[in-house]
Amino acid sequence: MKINPKPSTKLILSDEVRADLKNLVLARIKTASEDLGVAIGSTELSKQEMLEKVTKEDKMGQEIMNIHLEYLRDMASGAIYQSSNAG
Amino acid sequence: MQAKTLLVTRPNHDLITNYLFYWAALVVKLAKRKGFKILDLSGAKANYRVFVSYVKKHHPKLVFLNGHGSADAITGYGNEIIIQVNLNDNLLKGSIVYARSCDAASILGKTSVRNGTAAFVGYKKKFILCYSPSKITKPLSDEVAILFLEPSNLIPISLIKGNIVEAAYQKSQNAMRSNFWFMLSTKAAQNQKDAAPYLWANRKNQVLLGNPDAKL
């Protein structure tokens, strides 16, 4: 009989969601203009460098992901539209 | 009547500080027109020794810091620390401070206010600047950077014009919001649209600490 280890559903979901979110952020950066530089603090990043950082998920890559995900979350929740004097 | 004093630090040792250098010059120009006494610590003059000496001697009412930073420090030219928690964060007693640098509002801003700074406007996370790589030799004509730096300049500009800190903060927040909606519109260029999440982050991370009714 085949053994099914039944790993934690939460863990699998979390990894899947994490991978999906990472791909979403990578897709957003890939479609961005080549004529855009982003300086996050003292770190200047080109589009290619941002892609590399997010792919590697280093500290700066995680920071970029958080910026995009927070933005998307605020869009989805309507927080952007509720900001003071929105409209 | 004694002229109000503006002290501004604006190093220019890398790309980002160079943008801040040029944009801070617009504030200096306005303050001069309004009769302020200007202590302009530009370029290499934005260092610890000169900063401390000028603050002690002139007690500037408005301190506008441009440079890289961390939660507990702000730097000047060559990333030399000019103000730091537990070193000299008690220096700015009675001043209104605008720190256009990363993270400083998270700790330094708080300790500074606890030590007597009237109000501190800054960023509790990274200050982000998007720019057009094709415009880096002309920071004032960069159509992406303008969306970030014009609202940011509104803090000192509003204060110089006599507004209270809360009003200056709201003007800056509203200008970022207005630019943000422009960036989402069909009128924006592609690189301006793509910069929208970063401006949104700046807006969320810009905070006002201390007395909101403080004014120059």
# chains A, B, ... in the order shown; residues from 1 in each chain; ligands from 1

call {"tool": "closest_atom_pairs", "arguments": {"of": "chain A", "to": "chain B", "cutoff": "6 Å", "atoms": "only C-alpha atoms", "output": "tab-separated table"}}
result
residue	atom	partner	partner_atom	distance
A:Ala32	CA	B:Asp194	CA	5.8
A:Ser33	CA	B:Asn191	CA	5.2
A:Asp35	CA	B:Ser132	CA	5.4
A:Leu36	CA	B:Ser132	CA	4.9
A:Gly37	CA	B:Tyr131	CA	5.1
A:Val38	CA	B:Cys130	CA	4.4
A:Ala39	CA	B:Leu129	CA	5.1
A:Ile40	CA	B:Ile128	CA	4.7
A:Gly41	CA	B:Lys126	CA	5.4
A:Tyr71	CA	B:Pro197	CA	5.6

call {"tool": "residues_around", "arguments": {"residues": "A:Ile29", "least_positions_apart": "5", "cutoff": "8 Å", "atoms": "only C-alpha atoms", "output": "PDB file with C-alpha atoms, in the first residue's frame"}}
result
ATOM      1  CA  LYS A  47      14.644  46.582 -13.657  1.00  0.00           C
ATOM      2  CA  MET A  50      15.073  44.103  -9.136  1.00  0.00           C
ATOM      3  CA  LEU A  51      14.203  40.891 -10.950  1.00  0.00           C
TER       4      LEU A  51
END

call {"tool": "atom_distance", "arguments": {"atom1": "atom CA of B:Ile74", "atom2": "atom CA of B:Gln206"}}
result
15.7 Å

call {"tool": "closest_residue", "arguments": {"among": "B:Ser42, B:Tyr123, B:Tyr48, B:Ser172", "to": "B:Leu87", "atoms": "only C-alpha atoms"}}
result
B:Tyr48

call {"tool": "select_by_dssp", "arguments": {"residues": "stretch 28-75 of chain A", "states": "helix (DSSP H, G or I)", "output": "PyMOL selection string"}}
result
chain A and resi 28-30+47-56+59-75

call {"tool": "residues_around", "arguments": {"residues": "B:Trp23", "least_positions_apart": "5", "cutoff": "9 Å", "atoms": "only C-alpha atoms", "output": "list in words"}}
result
Asn18, Pro139, Leu140, Leu149, Glu150 and Asn153 of chain B

call {"tool": "write_last_selection", "arguments": {"atoms": "N, CA and C atoms", "output": "compact mmCIF listing (two decimals), in the first residue's frame"}}
result
# COMPACT_ATOMS: atom_id res chain seq x y z
N ASN B 18 22.36 63.33 -4.93
CA ASN B 18 22.44 64.39 -5.93
C ASN B 18 21.04 64.90 -6.31
N PRO B 139 18.24 66.37 -12.71
CA PRO B 139 17.29 65.91 -11.68
C PRO B 139 16.00 66.72 -11.60
N LEU B 140 16.08 68.01 -11.93
CA LEU B 140 14.86 68.83 -11.81
C LEU B 140 13.91 68.62 -12.98
N LEU B 149 9.47 63.99 -5.37
CA LEU B 149 10.19 65.04 -4.66
C LEU B 149 9.40 66.34 -4.51
N GLU B 150 8.49 66.59 -5.42
CA GLU B 150 7.67 67.79 -5.27
C GLU B 150 6.78 67.70 -4.02
N ASN B 153 9.00 68.06 -0.96
CA ASN B 153 9.43 69.45 -0.72
C ASN B 153 8.35 70.28 -0.05

call {"tool": "atom_distance", "arguments": {"atom1": "atom CA of B:Arg49", "atom2": "atom CA of B:Ser152"}}
result
26.9 Å

call {"tool": "closest_residue", "arguments": {"among": "B:Thr137, B:Lys57, B:Gly78, B:Lys93", "to": "A:Ser42", "atoms": "only C-alpha atoms"}}
result
B:Gly78

call {"tool": "residues_around", "arguments": {"residues": "B:Asn88", "least_positions_apart": "2", "cutoff": "10 Å", "atoms": "only C-alpha atoms", "output": "list in words"}}
result
Val52, Ala73, Ile82, Ile83, Gln84, Val85, Asn86, Asn90, Leu91, Leu92, Ser112 and Asn115 of chain B

call {"tool": "atom_distance", "arguments": {"atom1": "atom CA of A:Glu49", "atom2": "atom CA of B:Leu65"}}
result
28.6 Å

call {"tool": "closest_residue", "arguments": {"among": "B:Leu7, B:Ala118, B:Val50, B:Ala105", "to": "B:Phe64", "atoms": "only C-alpha atoms"}}
result
B:Leu7

call {"tool": "decode", "arguments": {"residues": "stretch 152-197 of chain B", "atoms": "N, CA and C atoms", "output": "compact mmCIF listing (two decimals), in the first residue's frame"}}
result
# COMPACT_ATOMS: atom_id res chain seq x y z
N SER B 152 7.32 65.89 -1.44
CA SER B 152 8.24 65.84 -0.31
C SER B 152 8.71 67.25 0.05
N ASN B 153 9.00 68.06 -0.96
CA ASN B 153 9.43 69.45 -0.72
C ASN B 153 8.35 70.28 -0.05
N LEU B 154 7.11 69.84 -0.17
CA LEU B 154 6.01 70.63 0.41
C LEU B 154 6.08 70.74 1.92
N ILE B 155 6.75 69.80 2.56
CA ILE B 155 6.87 69.91 4.03
C ILE B 155 7.61 71.20 4.40
N PRO B 156 8.87 71.37 3.98
CA PRO B 156 9.55 72.62 4.36
C PRO B 156 8.93 73.86 3.70
N ILE B 157 8.42 73.72 2.49
CA ILE B 157 7.84 74.89 1.81
C ILE B 157 6.63 75.41 2.59
N SER B 158 5.76 74.51 3.01
CA SER B 158 4.57 74.93 3.77
C SER B 158 4.95 75.55 5.10
N LEU B 159 5.97 74.98 5.73
CA LEU B 159 6.41 75.54 7.00
C LEU B 159 6.97 76.95 6.81
N ILE B 160 7.77 77.11 5.78
CA ILE B 160 8.36 78.43 5.49
C ILE B 160 7.26 79.45 5.21
N LYS B 161 6.17 78.97 4.60
CA LYS B 161 5.06 79.88 4.30
C LYS B 161 4.18 80.17 5.51
N GLY B 162 4.54 79.57 6.66
CA GLY B 162 3.84 79.93 7.90
C GLY B 162 2.82 78.93 8.38
N ASN B 163 2.71 77.80 7.72
CA ASN B 163 1.75 76.79 8.16
C ASN B 163 2.25 76.03 9.39
N ILE B 164 1.31 75.45 10.13
CA ILE B 164 1.70 74.57 11.23
C ILE B 164 2.15 73.22 10.64
N VAL B 165 2.85 72.44 11.43
CA VAL B 165 3.42 71.18 10.93
C VAL B 165 2.33 70.23 10.41
N GLU B 166 1.23 70.17 11.12
CA GLU B 166 0.14 69.28 10.70
C GLU B 166 -0.34 69.65 9.30
N ALA B 167 -0.46 70.94 9.03
CA ALA B 167 -0.92 71.39 7.72
C ALA B 167 0.11 71.05 6.65
N ALA B 168 1.38 71.24 6.99
CA ALA B 168 2.46 70.92 6.04
C ALA B 168 2.44 69.43 5.71
N TYR B 169 2.24 68.64 6.75
CA TYR B 169 2.19 67.18 6.57
C TYR B 169 1.01 66.80 5.67
N GLN B 170 -0.14 67.38 5.95
CA GLN B 170 -1.34 67.05 5.15
C GLN B 170 -1.17 67.49 3.70
N LYS B 171 -0.54 68.63 3.48
CA LYS B 171 -0.31 69.09 2.10
C LYS B 171 0.56 68.09 1.36
N SER B 172 1.59 67.60 2.03
CA SER B 172 2.49 66.64 1.41
C SER B 172 1.76 65.32 1.12
N GLN B 173 0.98 64.87 2.11
CA GLN B 173 0.20 63.64 1.93
C GLN B 173 -0.79 63.78 0.77
N ASN B 174 -1.47 64.90 0.72
CA ASN B 174 -2.45 65.12 -0.34
C ASN B 174 -1.80 65.21 -1.71
N ALA B 175 -0.63 65.84 -1.76
CA ALA B 175 0.08 65.95 -3.05
C ALA B 175 0.55 64.57 -3.52
N MET B 176 0.98 63.73 -2.59
CA MET B 176 1.37 62.36 -2.98
C MET B 176 0.15 61.60 -3.48
N ARG B 177 -0.97 61.80 -2.80
CA ARG B 177 -2.19 61.12 -3.21
C ARG B 177 -2.61 61.58 -4.61
N SER B 178 -2.53 62.87 -4.83
CA SER B 178 -2.89 63.43 -6.12
C SER B 178 -1.97 62.89 -7.24
N ASN B 179 -0.67 62.86 -6.95
CA ASN B 179 0.29 62.31 -7.93
C ASN B 179 0.02 60.82 -8.17
N PHE B 180 -0.34 60.13 -7.09
CA PHE B 180 -0.62 58.70 -7.20
C PHE B 180 -1.77 58.45 -8.16
N TRP B 181 -2.85 59.22 -8.02
CA TRP B 181 -3.99 59.04 -8.93
C TRP B 181 -3.61 59.39 -10.36
N PHE B 182 -2.79 60.41 -10.52
CA PHE B 182 -2.29 60.74 -11.86
C PHE B 182 -1.53 59.55 -12.45
N MET B 183 -0.71 58.92 -11.62
CA MET B 183 0.12 57.79 -12.10
C MET B 183 -0.74 56.61 -12.54
N LEU B 184 -1.91 56.50 -11.97
CA LEU B 184 -2.79 55.39 -12.37
C LEU B 184 -3.63 55.76 -13.59
N SER B 185 -3.55 56.99 -14.02
CA SER B 185 -4.41 57.45 -15.11
C SER B 185 -3.75 57.20 -16.47
N THR B 186 -4.54 57.37 -17.51
CA THR B 186 -4.03 57.18 -18.88
C THR B 186 -3.10 58.32 -19.28
N LYS B 187 -3.12 59.41 -18.51
CA LYS B 187 -2.25 60.55 -18.84
C LYS B 187 -0.79 60.28 -18.49
N ALA B 188 -0.55 59.33 -17.60
CA ALA B 188 0.82 59.07 -17.13
C ALA B 188 1.62 58.27 -18.16
N ALA B 189 2.91 58.55 -18.23
CA ALA B 189 3.83 57.76 -19.07
C ALA B 189 4.03 56.40 -18.39
N GLN B 190 4.53 55.43 -19.15
CA GLN B 190 4.65 54.07 -18.60
C GLN B 190 5.54 54.04 -17.35
N ASN B 191 6.68 54.76 -17.40
CA ASN B 191 7.57 54.72 -16.23
C ASN B 191 6.95 55.40 -15.01
N GLN B 192 6.06 56.36 -15.25
CA GLN B 192 5.36 57.00 -14.12
C GLN B 192 4.32 56.03 -13.53
N LYS B 193 3.63 55.33 -14.38
CA LYS B 193 2.64 54.32 -13.90
C LYS B 193 3.34 53.26 -13.06
N ASP B 194 4.49 52.79 -13.56
CA ASP B 194 5.19 51.70 -12.89
C ASP B 194 5.77 52.11 -11.52
N ALA B 195 5.87 53.41 -11.31
CA ALA B 195 6.43 53.90 -10.04
C ALA B 195 5.36 54.04 -8.96
N ALA B 196 4.10 53.83 -9.31
CA ALA B 196 2.99 54.07 -8.36
C ALA B 196 3.11 53.29 -7.04
N PRO B 197 3.44 51.99 -7.05
CA PRO B 197 3.52 51.29 -5.77
C PRO B 197 4.55 51.88 -4.81
